[in-house]
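structure37.cif, holding mmCIF, C-alpha atoms:
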data_my_file
loop_
_atom_site.label_atom_id
_atom_site.label_comp_id
_atom_site.auth_asym_id
_atom_site.auth_seq_id
_atom_site.Cartn_x
_atom_site.Cartn_y
_atom_site.Cartn_z
CA MET A 1 7.61 -64.99 35.22
CA SER A 2 11.20 -64.38 34.07
CA GLU A 3 12.84 -60.95 34.46
CA ARG A 4 12.96 -60.60 30.66
CA ARG A 5 9.21 -61.30 30.29
CA LYS A 6 8.45 -58.84 33.10
CA PHE A 7 10.50 -56.19 31.33
CA ILE A 8 8.73 -56.75 27.99
CA LYS A 9 5.31 -56.66 29.63
CA LYS A 10 6.12 -53.41 31.49
CA SER A 11 7.52 -51.86 28.32
CA LEU A 12 4.39 -52.67 26.29
CA LEU A 13 2.09 -51.39 29.01
CA GLY A 14 4.11 -48.21 29.26
CA SER A 15 3.94 -47.68 25.50
CA ALA A 16 0.17 -48.13 25.49
CA LEU A 17 -0.23 -45.73 28.41
CA PHE A 18 1.94 -42.96 27.04
CA VAL A 19 1.23 -43.24 23.30
CA PRO A 20 -2.55 -42.79 22.77
CA SER A 21 -2.44 -43.82 19.11
CA LEU A 22 -0.91 -47.19 20.03
CA ALA A 23 -3.47 -47.77 22.75
CA ASN A 24 -6.27 -47.03 20.27
CA ALA A 25 -4.70 -49.37 17.74
CA PHE A 26 -4.99 -52.25 20.21
CA LYS A 27 -8.50 -51.24 21.19
CA ASN A 28 -9.77 -51.03 17.62
CA SER A 29 -7.91 -53.97 16.14
CA PRO A 30 -9.61 -55.86 13.26
CA LYS A 31 -9.95 -58.92 15.46
CA ASP A 32 -11.98 -57.02 18.04
CA SER A 33 -14.12 -55.33 15.42
CA ILE A 34 -15.57 -58.60 14.09
CA ILE A 35 -16.49 -60.11 17.44
CA GLY A 36 -20.26 -59.83 17.35
CA GLU A 37 -23.00 -60.16 19.86
CA LYS A 38 -24.38 -63.54 20.85
CA PRO A 39 -26.52 -65.22 19.65
CA LEU A 40 -24.90 -65.18 16.21
CA ILE A 41 -25.97 -67.16 13.16
CA LEU A 42 -24.15 -67.39 9.83
CA SER A 43 -25.48 -69.06 6.70
CA THR A 44 -24.32 -69.32 3.11
CA TRP A 45 -25.63 -67.39 0.12
CA ASN A 46 -28.64 -65.11 -0.37
CA HIS A 47 -31.11 -67.70 0.86
CA GLY A 48 -29.35 -67.34 4.18
CA LEU A 49 -31.35 -64.20 4.98
CA PRO A 50 -34.77 -65.89 5.31
CA ALA A 51 -33.10 -68.96 6.81
CA ASN A 52 -31.46 -66.81 9.48
CA ALA A 53 -34.77 -65.11 10.21
CA ALA A 54 -36.45 -68.48 10.72
CA ALA A 55 -33.57 -69.67 12.91
CA ILE A 56 -33.60 -66.57 15.11
CA SER A 57 -37.37 -66.84 15.52
CA LYS A 58 -37.04 -70.47 16.60
CA LEU A 59 -34.21 -69.64 18.98
CA LYS A 60 -36.36 -67.01 20.65
CA GLU A 61 -39.19 -69.53 20.93
CA THR A 62 -37.33 -72.55 22.32
CA GLY A 63 -33.92 -71.27 23.39
CA SER A 64 -32.32 -74.21 21.56
CA ILE A 65 -29.51 -73.48 19.09
CA LEU A 66 -30.05 -76.98 17.65
CA ASP A 67 -33.72 -76.25 16.98
CA ALA A 68 -32.65 -73.01 15.33
CA MET A 69 -30.18 -74.79 13.03
CA GLU A 70 -32.80 -77.30 11.91
CA THR A 71 -35.62 -74.79 11.43
CA GLY A 72 -33.43 -72.29 9.61
CA VAL A 73 -32.44 -74.58 6.77
CA MET A 74 -35.89 -76.16 6.62
CA ASP A 75 -37.00 -72.77 5.28
CA THR A 76 -34.58 -73.18 2.37
CA GLU A 77 -35.64 -76.78 1.78
CA LEU A 78 -39.16 -75.47 1.15
CA ASP A 79 -38.16 -72.58 -1.12
CA LEU A 80 -39.60 -73.46 -4.51
CA SER A 81 -37.44 -70.85 -6.23
CA ASN A 82 -34.26 -72.55 -5.03
CA LEU A 83 -32.73 -75.03 -7.46
CA SER A 84 -29.93 -76.19 -5.18
CA VAL A 85 -31.66 -77.30 -1.97
CA GLY A 86 -34.70 -79.51 -1.40
CA LEU A 87 -36.82 -81.62 -3.70
CA GLN A 88 -37.21 -78.71 -6.11
CA GLY A 89 -33.44 -78.81 -6.71
CA LEU A 90 -31.80 -79.71 -10.01
CA PRO A 91 -31.60 -83.49 -10.62
CA ASP A 92 -28.77 -85.87 -11.40
CA ARG A 93 -27.97 -87.11 -14.92
CA GLU A 94 -30.86 -89.58 -14.73
CA GLY A 95 -33.36 -86.84 -13.95
CA ILE A 96 -33.74 -87.84 -10.27
CA THR A 97 -33.39 -85.40 -7.40
CA THR A 98 -31.45 -86.82 -4.45
CA LEU A 99 -30.73 -84.98 -1.23
CA ASP A 100 -27.94 -84.84 1.38
CA ALA A 101 -27.96 -83.25 4.84
CA SER A 102 -26.11 -83.18 8.15
CA ILE A 103 -26.58 -81.67 11.60
CA MET A 104 -24.22 -81.40 14.57
CA THR A 105 -23.98 -79.97 18.07
CA GLY A 106 -20.98 -78.75 20.01
CA ASP A 107 -20.84 -81.79 22.29
CA GLY A 108 -20.03 -84.04 19.32
CA ALA A 109 -23.51 -85.40 18.61
CA CYS A 110 -24.13 -85.58 14.86
CA GLY A 111 -26.25 -87.23 12.20
CA SER A 112 -26.47 -87.24 8.43
CA VAL A 113 -28.30 -88.69 5.47
CA ALA A 114 -27.23 -88.97 1.85
CA PHE A 115 -28.66 -90.02 -1.51
CA VAL A 116 -32.18 -89.57 -0.13
CA ARG A 117 -35.25 -89.51 -2.37
CA GLN A 118 -38.82 -88.29 -1.77
CA ILE A 119 -38.15 -86.67 1.62
CA LYS A 120 -39.08 -83.00 1.93
CA HIS A 121 -36.87 -82.28 4.94
CA PRO A 122 -33.63 -84.31 4.89
CA ILE A 123 -32.25 -82.09 7.68
CA SER A 124 -34.97 -83.38 10.01
CA LEU A 125 -34.16 -86.94 9.00
CA ALA A 126 -30.50 -86.27 9.77
CA ARG A 127 -31.57 -85.15 13.25
CA VAL A 128 -33.47 -88.41 13.66
CA VAL A 129 -30.29 -90.32 12.80
CA MET A 130 -28.45 -88.30 15.45
CA GLU A 131 -31.04 -88.62 18.21
CA LYS A 132 -32.76 -91.94 17.60
CA THR A 133 -30.19 -94.31 16.12
CA PRO A 134 -26.75 -95.57 17.17
CA HIS A 135 -25.35 -94.38 13.82
CA VAL A 136 -24.02 -91.16 12.32
CA MET A 137 -24.87 -91.63 8.64
CA ILE A 138 -27.64 -93.53 6.85
CA VAL A 139 -28.00 -93.40 3.08
CA GLY A 140 -30.19 -94.29 0.15
CA GLU A 141 -32.92 -96.86 0.65
CA GLY A 142 -31.97 -97.26 4.29
CA ALA A 143 -32.58 -93.57 4.90
CA ARG A 144 -35.89 -93.84 3.07
CA GLN A 145 -36.94 -96.77 5.24
CA LEU A 146 -36.00 -94.86 8.40
CA ALA A 147 -38.04 -91.89 7.21
CA ILE A 148 -41.10 -94.08 6.66
CA ALA A 149 -40.67 -95.71 10.09
CA GLU A 150 -40.50 -92.25 11.69
CA GLY A 151 -43.64 -91.03 9.96
CA PHE A 152 -42.09 -88.81 7.31
CA PRO A 153 -44.46 -88.51 4.34
CA LEU A 154 -43.07 -89.68 1.01
CA GLU A 155 -43.41 -86.98 -1.61
CA LYS A 156 -44.32 -87.71 -5.21
CA GLU A 157 -41.13 -88.19 -7.19
CA GLU A 158 -41.31 -85.61 -9.92
CA LEU A 159 -39.20 -82.64 -10.88
CA SER A 160 -40.36 -79.14 -10.06
CA PRO A 161 -41.35 -77.13 -13.15
CA ASN A 162 -38.16 -75.02 -13.04
CA ALA A 163 -35.92 -78.04 -12.50
CA LYS A 164 -37.63 -79.96 -15.28
CA ALA A 165 -37.20 -77.13 -17.75
CA ALA A 166 -33.52 -76.78 -16.85
CA TYR A 167 -32.95 -80.53 -17.09
CA GLU A 168 -34.55 -80.81 -20.52
CA LYS A 169 -32.36 -77.96 -21.76
CA TRP A 170 -29.28 -79.55 -20.23
CA LYS A 171 -29.90 -82.88 -21.95
CA ILE A 172 -29.74 -81.18 -25.34
CA THR A 173 -26.62 -79.10 -24.81
CA SER A 174 -24.56 -80.97 -22.23
CA LYS A 175 -21.97 -83.66 -22.80
CA TYR A 176 -22.76 -85.09 -19.36
CA LYS A 177 -19.79 -83.30 -17.85
CA PRO A 178 -20.99 -80.62 -15.42
CA ILE A 179 -18.99 -77.40 -15.56
CA ILE A 180 -18.34 -75.87 -12.17
CA ASN A 181 -19.78 -72.36 -11.73
CA ILE A 182 -22.04 -72.91 -14.75
CA GLU A 183 -23.97 -76.03 -13.81
CA ASN A 184 -23.26 -75.60 -10.11
CA HIS A 185 -25.21 -75.59 -6.87
CA ASP A 186 -25.40 -73.44 -3.77
CA THR A 187 -25.67 -75.54 -0.61
CA ILE A 188 -27.00 -73.88 2.49
CA GLY A 189 -24.66 -74.34 5.41
CA MET A 190 -25.60 -72.74 8.74
CA ILE A 191 -23.64 -72.40 11.97
CA GLY A 192 -24.70 -70.65 15.15
CA ILE A 193 -23.85 -69.85 18.74
CA ASP A 194 -26.34 -69.01 21.50
CA LYS A 195 -25.96 -66.49 24.31
CA ASP A 196 -24.34 -69.11 26.54
CA GLY A 197 -21.73 -70.12 23.97
CA ASN A 198 -23.33 -73.37 22.81
CA LEU A 199 -22.68 -74.12 19.14
CA ALA A 200 -24.52 -76.12 16.48
CA GLY A 201 -24.70 -76.35 12.71
CA SER A 202 -26.63 -77.76 9.79
CA CYS A 203 -26.09 -78.32 6.08
CA THR A 204 -28.51 -79.42 3.36
CA THR A 205 -28.40 -79.64 -0.43
CA SER A 206 -29.66 -81.34 -3.56
CA GLY A 207 -26.05 -81.64 -4.61
CA LEU A 208 -24.17 -80.89 -7.78
CA ALA A 209 -26.52 -80.41 -10.71
CA TYR A 210 -26.53 -83.30 -13.21
CA LYS A 211 -24.17 -85.36 -11.04
CA MET A 212 -23.69 -89.09 -11.65
CA HIS A 213 -26.47 -91.08 -10.03
CA GLY A 214 -25.36 -91.95 -6.50
CA ARG A 215 -22.83 -89.14 -6.14
CA VAL A 216 -22.52 -87.68 -2.64
CA GLY A 217 -20.77 -84.40 -1.90
CA ASP A 218 -19.35 -82.82 1.24
CA SER A 219 -22.62 -81.62 2.82
CA PRO A 220 -23.50 -84.84 4.72
CA ILE A 221 -19.88 -85.67 5.56
CA ILE A 222 -19.11 -84.71 9.16
CA GLY A 223 -15.79 -82.87 9.07
CA ALA A 224 -16.09 -81.90 5.42
CA GLY A 225 -19.27 -79.87 4.97
CA LEU A 226 -19.83 -79.28 8.68
CA PHE A 227 -17.99 -79.56 11.99
CA VAL A 228 -18.83 -78.21 15.45
CA ASP A 229 -16.91 -78.28 18.75
CA ASN A 230 -18.08 -76.29 21.77
CA GLY A 231 -14.50 -76.02 23.00
CA VAL A 232 -13.33 -74.27 19.84
CA GLY A 233 -15.94 -73.23 17.28
CA ALA A 234 -17.84 -74.31 14.18
CA ALA A 235 -17.36 -74.28 10.42
CA THR A 236 -19.37 -75.08 7.32
CA ALA A 237 -18.61 -75.22 3.62
CA THR A 238 -20.20 -74.67 0.23
CA GLY A 239 -19.06 -75.26 -3.34
CA LEU A 240 -17.61 -78.26 -5.15
CA GLY A 241 -17.93 -81.02 -2.58
CA GLU A 242 -15.14 -83.18 -3.93
CA SER A 243 -12.58 -80.42 -3.33
CA ILE A 244 -13.83 -79.86 0.21
CA ILE A 245 -13.82 -83.57 1.10
CA LYS A 246 -10.18 -83.83 -0.01
CA ILE A 247 -9.05 -81.50 2.79
CA CYS A 248 -11.71 -82.31 5.42
CA GLY A 249 -12.43 -78.59 5.14
CA SER A 250 -14.68 -77.83 8.10
CA PHE A 251 -12.71 -80.05 10.50
CA LEU A 252 -9.50 -78.43 9.30
CA ILE A 253 -10.82 -74.96 10.09
CA VAL A 254 -11.92 -75.91 13.59
CA GLU A 255 -8.55 -77.55 14.27
CA LEU A 256 -6.72 -74.47 13.03
CA MET A 257 -8.80 -72.38 15.42
CA ARG A 258 -7.91 -74.83 18.19
CA GLN A 259 -4.25 -74.08 17.43
CA GLY A 260 -4.84 -70.34 17.81
CA ARG A 261 -5.90 -69.12 14.38
CA THR A 262 -8.80 -66.69 14.16
CA PRO A 263 -11.85 -67.88 12.19
CA GLN A 264 -10.78 -65.63 9.31
CA GLU A 265 -7.23 -66.93 9.32
CA ALA A 266 -8.47 -70.52 9.51
CA CYS A 267 -10.83 -70.05 6.55
CA GLU A 268 -8.04 -68.50 4.50
CA GLU A 269 -5.66 -71.35 5.28
CA ALA A 270 -8.32 -73.91 4.33
CA VAL A 271 -8.81 -72.23 0.96
CA LYS A 272 -5.06 -72.22 0.35
CA ARG A 273 -4.92 -75.92 1.25
CA LEU A 274 -7.83 -76.64 -1.12
CA ILE A 275 -6.17 -74.75 -3.96
CA SER A 276 -2.98 -76.75 -3.48
CA LYS A 277 -4.89 -80.03 -3.85
CA ASN A 278 -6.83 -79.23 -7.03
CA ASP A 279 -5.61 -78.63 -10.58
CA ASN A 280 -8.76 -77.19 -12.19
CA ILE A 281 -8.92 -74.25 -9.82
CA ASN A 282 -10.11 -71.73 -12.42
CA ASP A 283 -13.40 -73.63 -12.76
CA LEU A 284 -13.79 -74.48 -9.09
CA GLN A 285 -15.57 -72.50 -6.39
CA ALA A 286 -15.61 -73.27 -2.69
CA GLY A 287 -16.28 -71.11 0.34
CA PHE A 288 -16.10 -71.49 4.12
CA LEU A 289 -17.75 -69.90 7.15
CA ALA A 290 -16.49 -70.16 10.72
CA ILE A 291 -17.45 -69.02 14.23
CA SER A 292 -15.24 -69.24 17.32
CA LYS A 293 -16.55 -70.00 20.78
CA GLU A 294 -16.12 -66.29 21.57
CA GLY A 295 -18.46 -65.30 18.74
CA GLU A 296 -15.74 -64.14 16.36
CA PHE A 297 -16.45 -65.08 12.74
CA GLY A 298 -14.73 -65.37 9.39
CA ALA A 299 -15.37 -66.27 5.75
CA TYR A 300 -13.26 -66.91 2.68
CA ALA A 301 -13.66 -68.34 -0.82
CA VAL A 302 -11.56 -69.42 -3.77
CA HIS A 303 -13.12 -66.91 -6.20
CA PRO A 304 -15.24 -63.76 -5.78
CA GLY A 305 -18.99 -64.22 -5.64
CA PHE A 306 -19.47 -66.05 -2.36
CA ASN A 307 -21.63 -64.23 0.17
CA PHE A 308 -23.24 -65.07 3.48
CA ALA A 309 -25.93 -63.88 5.88
CA LYS A 310 -25.05 -62.74 9.39
CA GLY A 311 -27.95 -62.79 11.83
CA THR A 312 -28.27 -61.60 15.43
CA LEU A 313 -31.22 -60.68 17.62
CA SER A 314 -31.04 -57.14 16.26
CA SER A 315 -29.96 -57.48 12.62
CA ASN A 316 -29.80 -59.77 9.59
CA ILE A 317 -27.49 -58.66 6.79
CA MET A 318 -25.66 -59.99 3.73
CA ILE A 319 -21.87 -59.79 3.60
CA ASP A 320 -19.63 -60.40 0.59
CA SER A 321 -16.83 -62.78 1.44
CA LYS A 322 -13.23 -62.04 0.61
CA SER A 323 -11.57 -64.48 -1.79
CA HIS A 324 -8.14 -65.80 -2.72
CA PHE A 325 -8.31 -64.68 -6.35
#
Please express the file's structure as C-alpha cells.
Amino acid sequence: MSERRKFIKKSLLGSALFVPSLANAFKNSPKDSIIGEKPLILSTWNHGLPANAAAISKLKETGSILDAMETGVMDTELDLSNLSVGLQGLPDREGITTLDASIMTGDGACGSVAFVRQIKHPISLARVVMEKTPHVMIVGEGARQLAIAEGFPLEKEELSPNAKAAYEKWKITSKYKPIINIENHDTIGMIGIDKDGNLAGSCTTSGLAYKMHGRVGDSPIIGAGLFVDNGVGAATATGLGESIIKICGSFLIVELMRQGRTPQEACEEAVKRLISKNDNINDLQAGFLAISKEGEFGAYAVHPGFNFAKGTLSSNIMIDSKSHF
C-alpha cells in the first residue's frame, strides 16, 4: 500500500473514531439499510404476495430455491382473477390465449417456452426444457408436443368468462392497436436467494393483451425478462416486452451489478437506457427488480404505479417502487 493510501485510510478511520455523527452515517447508510435477511424473494405486482407465500412454503419444504421459484409463480398461473398470467389471461387479437415463461438458476441453467397454448403451467414446461432437453427455448407446436410427451394435460381451449367479456368489448371499441397502460398486462417475475446465497428466478405471462397472433414478449427471453448469475445477482422485468428486449434489460442489470453498481443503481440505469431507446415513453411502462448475491435489492420503473412483494421467512410485504417520472 502506498504512503498516500495509508495516509487517507488513517485519516478516514480517525474521522470516524472522533466524530460520532460521521461514524453513524456510515453505519446507517441507505445501502446497508436495504440489505435484508436471507432467504429473500421478490416478485412483481400485487399477485406477488400469494406467490411469495407459496414460494416460501416450498422453500421450507424442500430447501430448493428453484422449487420455490417454480411453485411461487404457479400460484399466479392458477389465479382465475388474474387476466395477465395463465390460461385465464386476456387473449391475442384472434381471441386465443398464448403463454410465455422462463426459469433460470444461478449456475447458468435455463429454459423457456413461448407461444404455448392449452398448457396450465408453462413455467413447469420451461423447467422441463431446462432439465430434460439440450435446448433453452422451445415454442409453439413444438412446446405443445413436448408437453404432451411429458404428460402435461391439454386444457380445453376457451377463454375464461372475464377474458371473454373483455375481449368482446375490445373488439367493438378497439382499432386493433393496443394502448400501453390501458390494454396492458402485468407479468409475474420472481427472483430469490436462499440462505446459502444460491439464486434462481422465474417469469410467466399471457403477454400483451390483444397482441398480434404469434407475438412474444420479454418474459421467455433469457437476458431480457429474466437473468440470474450466482456470482453477481438476479434481475427480472415487467411491462412492455418490446422495450425491455431492446436493452436486454435483466442481463444489463446483472452486468451493471458485476461492475459495482448496487441493485438499485443498476435498475435505475436500465430504466434510463430504456427511456433513451423508445420514443413513445409517455404511454410505456416497464419496471425492474434486482437482488445481489449479498441479498441487497432494488426496484425502479419508468412511471409510478409499479409495486412488488418482498418475502422473507418472517414477513411478506408490498413495496411501491420508485420511478423515473
**Request:** Quick one: pull the distance between atom CA of A:Ser243 and atom CA of A:Arg215, Å, one decimal.
**Result:** 13.7 Å
Please identify every residue of stretch 221-280 of chain A that has at least one atom no farther than 9 Å from an atom of stretch 103-119 of chain A, counting all atoms listed in the file, and for each give the shortest atom pair and the distance in Å to one decimal, arranged by chain then increasing number, as a tab-separated table.
residue	atom	partner	partner_atom	distance
A:Ile221	CA	A:Ser112	CA	7.4
A:Ile222	CA	A:Cys110	CA	7.6
A:Leu226	CA	A:Met104	CA	7.6
A:Phe227	CA	A:Met104	CA	7.0
A:Val228	CA	A:Gly106	CA	5.1
A:Asp229	CA	A:Gly106	CA	4.3
A:Asn230	CA	A:Gly106	CA	4.2
A:Gly231	CA	A:Gly106	CA	7.6
A:Val232	CA	A:Gly106	CA	8.9
A:Gly233	CA	A:Gly106	CA	8.0
A:Ala234	CA	A:Gly106	CA	8.0
**stretch 60-63 of chain A environment, 10 Å, only C-alpha atoms, sequence neighbours closer than 4 positions dropped, as a list in words** =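 Non-adjacent residues within range: Ala55, Ile56, Asp67, Ala68, Asp194, Lys195 and Leu313 of chain A.
Using all atoms listed in the file, the nearest neighbour of A:Ile96 within the list A:Thr262, A:Ser206, A:Asn162, A:Asn280 is A:Ser206.
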**Message:** Selection in question (the file shown): the PyMOL selection byres ((chain A and resi 82) around 12). Which residues does it include, as an MDAnalysis selection string?
**Reply:** chainID A and resid 45:48 75:81 83:90 160:163 185:188 205:206
**Message:** Take the PyMOL selection byres ((chain A and resi 289) around 10), run it mentally on this structure, and tell me the resulting residues as JSON, numbers by chain.
**Reply:** {"A": [42, 43, 44, 189, 190, 191, 226, 234, 235, 236, 237, 238, 250, 253, 263, 264, 266, 267, 287, 288, 290, 291, 297, 298, 299, 300, 301, 307, 308, 321]}
**Request:** Using atom CA of A:Ile41 and atom CA of A:Gly192 as the two end points, give the distance in Å to one decimal.
**Result:**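 Pair atom CA of A:Ile41 / atom CA of A:Gly192 returns 4.2 Å.
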**Message:** Quick check, in Å to one decimal: how far apart do atom CA of A:Asp218 and atom CA of A:Glu141 lie?
**Reply:**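 So the answer is 19.5 Å.
Among the candidates A:Leu49, A:Ile244, A:Ile65, A:Cys203, the residue lying nearest to A:Ala101 is A:Cys203 (atoms considered: all atoms listed in the file).
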**Prompt:** So, counting only C-alpha atoms, which residue among A:Ser102, A:Val129, A:Tyr167, A:Gln285 is closest to A:Gly223?
**Reply:** A:Ser102
**Request:** Using the chain letters and numbers from the file, give me the residues hit by the PyMOL selection byres ((chain A and resi 275) around 12), as a count of residues only.
**Result:** 30
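Closest approach to A:Lys38 among A:Val216, A:Leu159, A:Leu59, A:Ala309: A:Leu59, based on all atoms listed in the file.
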